[in-house]
$ cat my_file_21.cif   # mmCIF, C-alpha atoms
data_query
loop_
_atom_site.label_atom_id
_atom_site.label_comp_id
_atom_site.auth_asym_id
_atom_site.auth_seq_id
_atom_site.Cartn_x
_atom_site.Cartn_y
_atom_site.Cartn_z
CA MET M 1219 70.39 40.88 22.09
CA ILE M 1220 66.93 41.07 20.58
CA VAL M 1221 64.91 41.58 23.77
CA GLY M 1222 67.67 42.54 26.20
CA ASN M 1223 66.83 41.13 29.62
CA GLY M 1224 63.24 40.37 28.54
CA SER M 1225 61.81 43.66 29.78
CA PHE M 1226 60.70 44.87 26.34
CA ALA M 1227 59.09 43.28 23.26
CA PRO M 1228 61.15 42.16 20.23
CA PRO M 1229 60.83 44.02 16.92
CA ARG M 1230 57.97 42.87 14.67
CA SER M 1231 60.40 41.46 12.12
CA ARG M 1232 61.74 38.99 14.71
CA ILE M 1233 58.49 37.44 15.98
CA PHE M 1234 55.90 35.06 14.51
CA PRO M 1235 52.85 36.56 12.75
CA GLN M 1236 50.29 35.36 15.34
CA PRO M 1237 51.47 37.60 18.23
CA VAL M 1238 51.69 40.58 15.81
CA PHE M 1239 48.04 40.31 14.78
CA SER M 1240 46.67 39.20 18.17
CA SER M 1241 48.22 41.93 20.26
CA THR M 1242 50.47 44.96 19.89
CA LYS M 1243 51.12 45.43 23.59
CA THR M 1244 53.47 43.68 25.91
CA SER M 1245 51.95 41.62 28.70
CA SER M 1246 51.41 43.35 31.99
CA THR M 1247 50.59 40.13 33.90
CA PRO M 1248 52.41 40.15 37.24
CA LEU M 1249 55.08 37.54 37.73
CA THR M 1250 54.23 34.62 40.01
CA PRO M 1251 56.73 33.16 42.48
CA ARG M 1252 59.15 30.72 40.89
CA ASP M 1253 58.79 27.09 41.91
CA GLY M 1254 62.30 26.98 43.34
CA THR M 1255 61.76 29.84 45.78
CA ARG M 1256 60.35 29.58 49.28
CA GLU M 1257 57.20 31.38 48.15
CA GLY M 1258 56.84 28.95 45.24
CA TRP M 1259 57.15 25.92 47.51
CA ALA M 1260 54.61 27.37 49.91
CA ALA M 1261 52.14 28.04 47.07
CA ASN M 1262 52.56 24.54 45.66
CA PHE M 1263 52.15 22.97 49.09
CA SER M 1264 48.99 24.95 49.79
CA ILE M 1265 47.52 23.83 46.45
CA LEU M 1266 48.38 20.22 47.33
CA LEU M 1267 46.64 20.46 50.70
CA LEU M 1268 43.59 22.08 49.13
CA SER M 1269 43.51 19.38 46.44
CA LEU M 1270 43.55 16.64 49.08
CA LYS M 1271 40.74 18.42 50.92
CA ILE M 1272 38.72 18.49 47.70
CA CYS M 1273 39.28 14.75 47.22
CA LEU M 1274 37.86 14.07 50.68
CA SER M 1275 34.78 16.29 50.32
CA LYS M 1276 31.42 14.63 49.67
CA GLU M 1277 30.22 15.96 46.32
CA GLU M 1278 33.56 16.88 44.75
CA GLY M 1279 35.14 13.63 45.97
CA ALA M 1280 32.33 11.60 44.38
CA ILE M 1281 32.80 13.45 41.08
CA LEU M 1282 36.55 12.87 41.18
CA LEU M 1283 36.12 9.17 41.93
CA TYR M 1284 33.75 8.40 39.09
CA SER M 1285 35.45 10.62 36.51
CA GLY M 1286 38.71 8.90 37.47
CA LEU M 1287 37.12 5.49 36.88
CA ILE M 1288 35.92 6.57 33.44
CA PHE M 1289 39.42 7.78 32.60
CA ALA M 1290 40.87 4.52 33.93
CA SER M 1291 38.58 2.45 31.69
CA LEU M 1292 39.83 4.31 28.63
CA ALA M 1293 43.42 3.94 29.85
CA ALA M 1294 42.83 0.18 30.10
CA VAL M 1295 41.73 0.12 26.44
CA ALA M 1296 44.74 2.16 25.31
CA ALA M 1297 47.23 0.13 27.35
CA ALA M 1298 46.14 -3.23 25.93
CA LEU M 1299 45.57 -2.02 22.37
CA PRO M 1300 49.13 -2.51 20.97
CA SER M 1301 49.43 -6.09 22.23
CA GLN M 1302 45.94 -7.01 21.03
CA LEU M 1303 46.45 -5.55 17.55
CA SER M 1304 49.83 -7.21 17.24
CA ALA M 1305 48.60 -10.61 18.40
CA GLN M 1306 45.33 -10.74 16.46
CA PHE M 1307 46.09 -8.82 13.27
CA LYS M 1308 49.91 -9.12 13.04
CA LEU M 1309 50.33 -5.36 12.65
CA ASN M 1310 53.69 -3.61 12.84
CA GLU M 1311 54.44 -0.60 15.05
CA LEU M 1312 53.52 1.97 12.41
CA GLN M 1313 50.20 0.28 11.68
CA ILE M 1314 49.42 0.05 15.40
CA GLY M 1315 50.13 3.75 15.75
CA LEU M 1316 47.78 4.56 12.89
CA CYS M 1317 45.07 2.47 14.55
CA CYS M 1318 45.13 4.90 17.49
CA ILE M 1319 43.82 7.70 15.25
CA PRO M 1320 40.14 6.74 15.77
CA MET M 1321 40.60 7.21 19.52
CA GLY M 1322 41.99 10.70 19.03
CA VAL M 1323 39.26 11.65 16.57
CA GLY M 1324 36.61 10.34 18.94
CA SER M 1325 37.99 12.36 21.84
CA CYS M 1326 38.05 15.55 19.76
CA GLY M 1327 34.52 14.94 18.55
CA ALA M 1328 33.29 14.42 22.11
CA ALA M 1329 34.73 17.75 23.22
CA ALA M 1330 32.94 19.57 20.41
CA VAL M 1331 29.57 17.83 20.65
CA MET M 1332 29.24 17.62 24.43
CA GLY M 1333 30.18 21.26 24.89
CA LYS M 1334 27.17 22.32 22.84
CA LEU M 1335 24.81 19.86 24.57
CA VAL M 1336 25.94 20.87 28.05
CA ASN M 1337 25.57 24.57 27.26
CA PHE M 1338 22.10 23.99 25.81
CA ASN M 1339 20.93 22.14 28.93
CA TYR M 1340 22.50 24.77 31.18
CA HIS M 1341 20.61 27.60 29.48
CA ARG M 1342 17.42 25.51 29.48
CA HIS M 1343 17.58 25.15 33.27
CA ALA M 1344 18.39 28.84 33.60
CA ARG M 1345 15.27 29.76 31.64
CA LEU M 1346 13.17 27.44 33.80
CA LYS M 1347 14.50 29.21 36.89
CA GLY M 1348 14.05 32.66 35.37
CA ILE M 1349 17.79 33.32 35.54
CA VAL M 1350 19.45 35.54 32.96
CA THR M 1351 22.83 34.06 32.02
CA ASP M 1352 25.71 36.34 31.16
CA SER M 1353 28.84 34.92 29.54
CA ARG M 1354 30.91 37.73 31.07
CA ASN M 1355 29.87 36.97 34.65
CA ASP M 1356 29.51 33.73 36.59
CA THR M 1357 25.96 32.62 37.33
CA ASP M 1358 25.16 32.46 41.03
CA LEU M 1359 24.82 28.74 41.74
CA HIS M 1360 22.86 29.31 44.96
CA GLY M 1361 19.55 27.62 44.26
CA PHE M 1362 20.59 26.69 40.71
CA PRO M 1363 20.49 22.94 39.86
CA ILE M 1364 23.90 22.85 38.23
CA GLU M 1365 24.19 19.10 38.91
CA ALA M 1366 21.04 18.42 36.88
CA ALA M 1367 22.13 20.78 34.11
CA ARG M 1368 25.35 18.82 33.65
CA LEU M 1369 24.55 15.23 34.58
CA GLN M 1370 21.32 14.92 32.62
CA VAL M 1371 23.58 15.05 29.57
CA ALA M 1372 26.28 12.77 30.99
CA LEU M 1373 24.17 9.85 32.26
CA PRO M 1374 22.92 8.50 28.90
CA VAL M 1375 26.44 8.68 27.47
CA LEU M 1376 27.80 6.95 30.59
CA TYR M 1377 25.65 3.87 30.04
CA LEU M 1378 26.40 3.96 26.32
CA ASN M 1379 30.09 3.84 27.23
CA CYS M 1380 29.55 0.76 29.41
CA THR M 1381 27.70 -1.01 26.59
CA LEU M 1382 30.36 -0.13 24.03
CA LEU M 1383 33.09 -1.37 26.37
CA VAL M 1384 31.48 -4.83 26.56
CA CYS M 1385 30.94 -4.94 22.77
CA TYR M 1386 34.54 -3.86 22.12
CA GLY M 1387 35.95 -6.65 24.28
CA TRP M 1388 33.92 -9.39 22.66
CA ILE M 1389 34.56 -8.11 19.14
CA LEU M 1390 38.27 -8.35 19.86
CA GLN M 1391 37.88 -11.87 21.19
CA LYS M 1392 35.34 -13.32 18.74
CA ALA M 1393 34.99 -11.27 15.57
CA HIS M 1394 38.68 -10.68 14.68
CA SER M 1395 37.62 -7.76 12.47
CA LEU M 1396 40.00 -4.82 12.29
CA GLY M 1397 37.33 -2.53 10.82
CA ALA M 1398 34.86 -3.32 13.61
CA THR M 1399 37.60 -2.88 16.22
CA LEU M 1400 38.55 0.57 14.94
CA THR M 1401 34.90 1.62 14.69
CA PHE M 1402 34.24 0.67 18.30
CA LEU M 1403 37.47 2.39 19.34
CA PHE M 1404 36.11 5.63 17.90
CA PHE M 1405 32.73 5.42 19.64
CA LEU M 1406 34.26 4.12 22.87
CA SER M 1407 36.71 7.02 23.01
CA PHE M 1408 33.88 9.43 22.17
CA SER M 1409 31.59 8.21 24.96
CA ALA M 1410 34.32 7.93 27.62
CA THR M 1411 35.74 11.38 26.86
CA ALA M 1412 32.25 12.87 26.77
CA THR M 1413 31.38 11.50 30.21
CA PHE M 1414 34.72 12.52 31.69
CA SER M 1415 34.55 16.05 30.25
CA VAL M 1416 31.05 16.69 31.62
CA LEU M 1417 32.06 15.51 35.11
CA SER M 1418 35.17 17.69 34.94
CA THR M 1419 33.04 20.66 33.88
CA LEU M 1420 30.76 20.12 36.87
CA LEU M 1421 33.79 20.01 39.17
CA ILE M 1422 35.02 23.35 37.85
CA ASP M 1423 31.51 24.79 38.21
CA LEU M 1424 31.48 23.86 41.88
CA LEU M 1425 35.03 25.11 42.48
CA SER M 1426 35.10 28.14 40.21
CA ASP M 1427 36.88 30.15 42.93
CA LYS M 1428 39.80 27.67 43.04
CA PRO M 1429 40.23 26.14 39.57
CA GLY M 1430 43.91 25.40 40.07
CA ALA M 1431 43.29 23.14 43.05
CA ALA M 1432 40.33 21.54 41.27
CA GLY M 1433 42.50 20.73 38.25
CA ALA M 1434 45.26 19.36 40.47
CA ALA M 1435 42.82 17.12 42.35
CA ASN M 1436 41.36 15.90 39.07
CA ASN M 1437 44.80 15.09 37.68
CA LEU M 1438 45.83 13.34 40.91
CA VAL M 1439 42.85 10.99 41.01
CA ARG M 1440 42.63 10.21 37.30
CA CYS M 1441 46.36 9.57 36.94
CA LEU M 1442 46.43 7.24 39.96
CA LEU M 1443 43.42 5.25 38.73
CA GLY M 1444 44.64 5.34 35.13
CA ALA M 1445 48.06 3.99 36.09
CA GLY M 1446 46.44 1.24 38.15
CA SER M 1447 44.15 0.16 35.31
CA ALA M 1448 46.97 0.21 32.76
CA ALA M 1449 49.04 -2.07 34.98
CA PHE M 1450 46.09 -4.34 35.79
CA ILE M 1451 44.50 -4.89 32.38
CA LEU M 1452 47.08 -7.15 30.70
CA PRO M 1453 47.27 -9.68 33.57
CA LEU M 1454 43.46 -9.66 33.68
CA ILE M 1455 43.23 -10.34 29.94
CA GLN M 1456 45.73 -13.18 30.24
CA ARG M 1457 43.70 -14.75 33.04
CA ILE M 1458 40.09 -14.45 31.81
CA GLY M 1459 40.32 -13.28 28.18
CA VAL M 1460 39.83 -9.88 26.58
CA GLY M 1461 36.04 -10.18 26.31
CA TRP M 1462 35.48 -10.94 29.98
CA ALA M 1463 38.15 -8.43 31.04
CA TYR M 1464 36.32 -5.48 29.51
CA THR M 1465 32.99 -6.92 30.65
CA VAL M 1466 34.30 -6.80 34.23
CA ILE M 1467 35.39 -3.18 33.80
CA ALA M 1468 32.04 -2.21 32.27
CA GLY M 1469 30.24 -4.03 35.07
CA LEU M 1470 32.25 -2.13 37.66
CA LEU M 1471 31.35 1.20 36.04
CA THR M 1472 27.68 0.19 35.95
CA ILE M 1473 27.61 -1.01 39.55
CA LEU M 1474 29.21 2.23 40.74
CA SER M 1475 27.06 4.48 38.52
CA PRO M 1476 24.67 5.22 41.46
CA ILE M 1477 27.45 7.57 42.57
CA VAL M 1478 26.50 9.83 39.68
CA TRP M 1479 22.79 9.47 40.45
CA ALA M 1480 23.50 10.45 44.06
CA ILE M 1481 25.30 13.58 42.88
CA LEU M 1482 22.36 14.40 40.61
CA ILE M 1483 19.74 13.90 43.35
CA TYR M 1484 21.55 15.09 46.48
CA GLY M 1485 24.30 17.32 45.11
CA GLN M 1486 22.44 20.59 45.59
CA GLN M 1487 21.56 19.59 49.14
CA TRP M 1488 25.19 18.71 49.90
CA ARG M 1489 26.34 21.99 48.40
CA ARG M 1490 23.89 23.96 50.53
CA ALA M 1491 24.96 22.13 53.67
CA SER M 1492 28.66 22.79 53.01
CA GLN M 1493 27.99 26.48 52.41
CA ASN M 1494 26.10 26.78 55.70
CA SER M 1495 28.74 24.93 57.71
#

$ encode --input "my_file_21.cif" --output "structure tokens"
Amino acid sequence: MIVGNGSFAPPRSRIFPQPVFSSTKTSSTPLTPRDGTREGWAANFSILLLSLKICLSKEEGAILLYSGLIFASLAAVAAALPSQLSAQFKLNELQIGLCCIPMGVGSCGAAAVMGKLVNFNYHRHARLKGIVTDSRNDTDLHGFPIEAARLQVALPVLYLNCTLLVCYGWILQKAHSLGATLTFLFFLSFSATATFSVLSTLLIDLLSDKPGAAGAANNLVRCLLGAGSAAFILPLIQRIGVGWAYTVIAGLLTILSPIVWAILIYGQQWRRASQNS
């Protein structure tokens, strides 16, 4: 037995290099209740109830709804992509898989770029308010326009995403160009992931004291809407064509975008009212 019952660390010769260089001490993190125990079930059930409460709240619920719609639009693109590439360009399964690379690269690029932009705007608002930000401690959001700091970055990218979605659909239907399709896949994935990540960041900002429940609520809403869009997109394409299908989705995102404007304008007021209640 190398580690016995798991109560002590293995010898250095029996573990990978990364743990050796990152830490020389065993973890002292207390064990959490196992999922199969009564305590584990109670903890999971309490997180579920709190997640449902978050979904029904005014500001957080609005964030969850629109971020879920953005995720669902990207899920609709991904779900229909194999059939469209196979039908229009006669690609095999390996080639279709390789065509998904631009989506992955776009998502990674969005995470890197938007993180810097969001942090810049956050510190800009902090300076305007005379607030000293400290990376080691959470900034007190009382009186701080966190909604503006986040959504001023997200809104331009949101409308860019809607425009790219329309262009992508009509390029698939009219242009029949694989290069153009892959290019728009990259930028579409970039803009959708960027918008979704900023909204998710704002949700965590508002619920920094309960990140687990916030993440669970986010996963619940986006997975439900994503599954619905993935099931809905192919019948829609068969009925009205790929160009009009993605135009409808982009139109829906645009029509519902006042949700984000409402969060930007009234979010701080809603937050103050919920804190006083």

$ atom_distance --input "my_file_21.cif" --atom1 "atom CA of M:Pro1476" --atom2 "atom CA of M:Ser1415"
18.5 Å

$ atom_distance --input "my_file_21.cif" --atom1 "atom CA of M:Phe1408" --atom2 "atom CA of M:Phe1289"
11.9 Å

$ resolve_selection --input "my_file_21.cif" --expression "the PyMOL selection byres ((chain M and resi 1487) around 12)" --output "list of chain:residue names"
M:Lys1276, M:Glu1277, M:His1360, M:Gly1361, M:Phe1362, M:Pro1363, M:Ile1364, M:Glu1365, M:Ala1480, M:Ile1481, M:Leu1482, M:Ile1483, M:Tyr1484, M:Gly1485, M:Gln1486, M:Trp1488, M:Arg1489, M:Arg1490, M:Ala1491, M:Ser1492, M:Gln1493, M:Asn1494

$ residues_around --input "my_file_21.cif" --residues "M:Ile1281" --least-positions-apart "3" --cutoff "9 Å" --atoms "only C-alpha atoms" --output "list of chain:residue names"
M:Lys1276, M:Glu1277, M:Glu1278, M:Tyr1284, M:Ser1285, M:Gly1286, M:Leu1417, M:Ser1418, M:Leu1420, M:Leu1421, M:Ile1477, M:Val1478, M:Ile1481

$ atom_distance --input "my_file_21.cif" --atom1 "atom CA of M:Lys1308" --atom2 "atom CA of M:Val1460"
16.9 Å
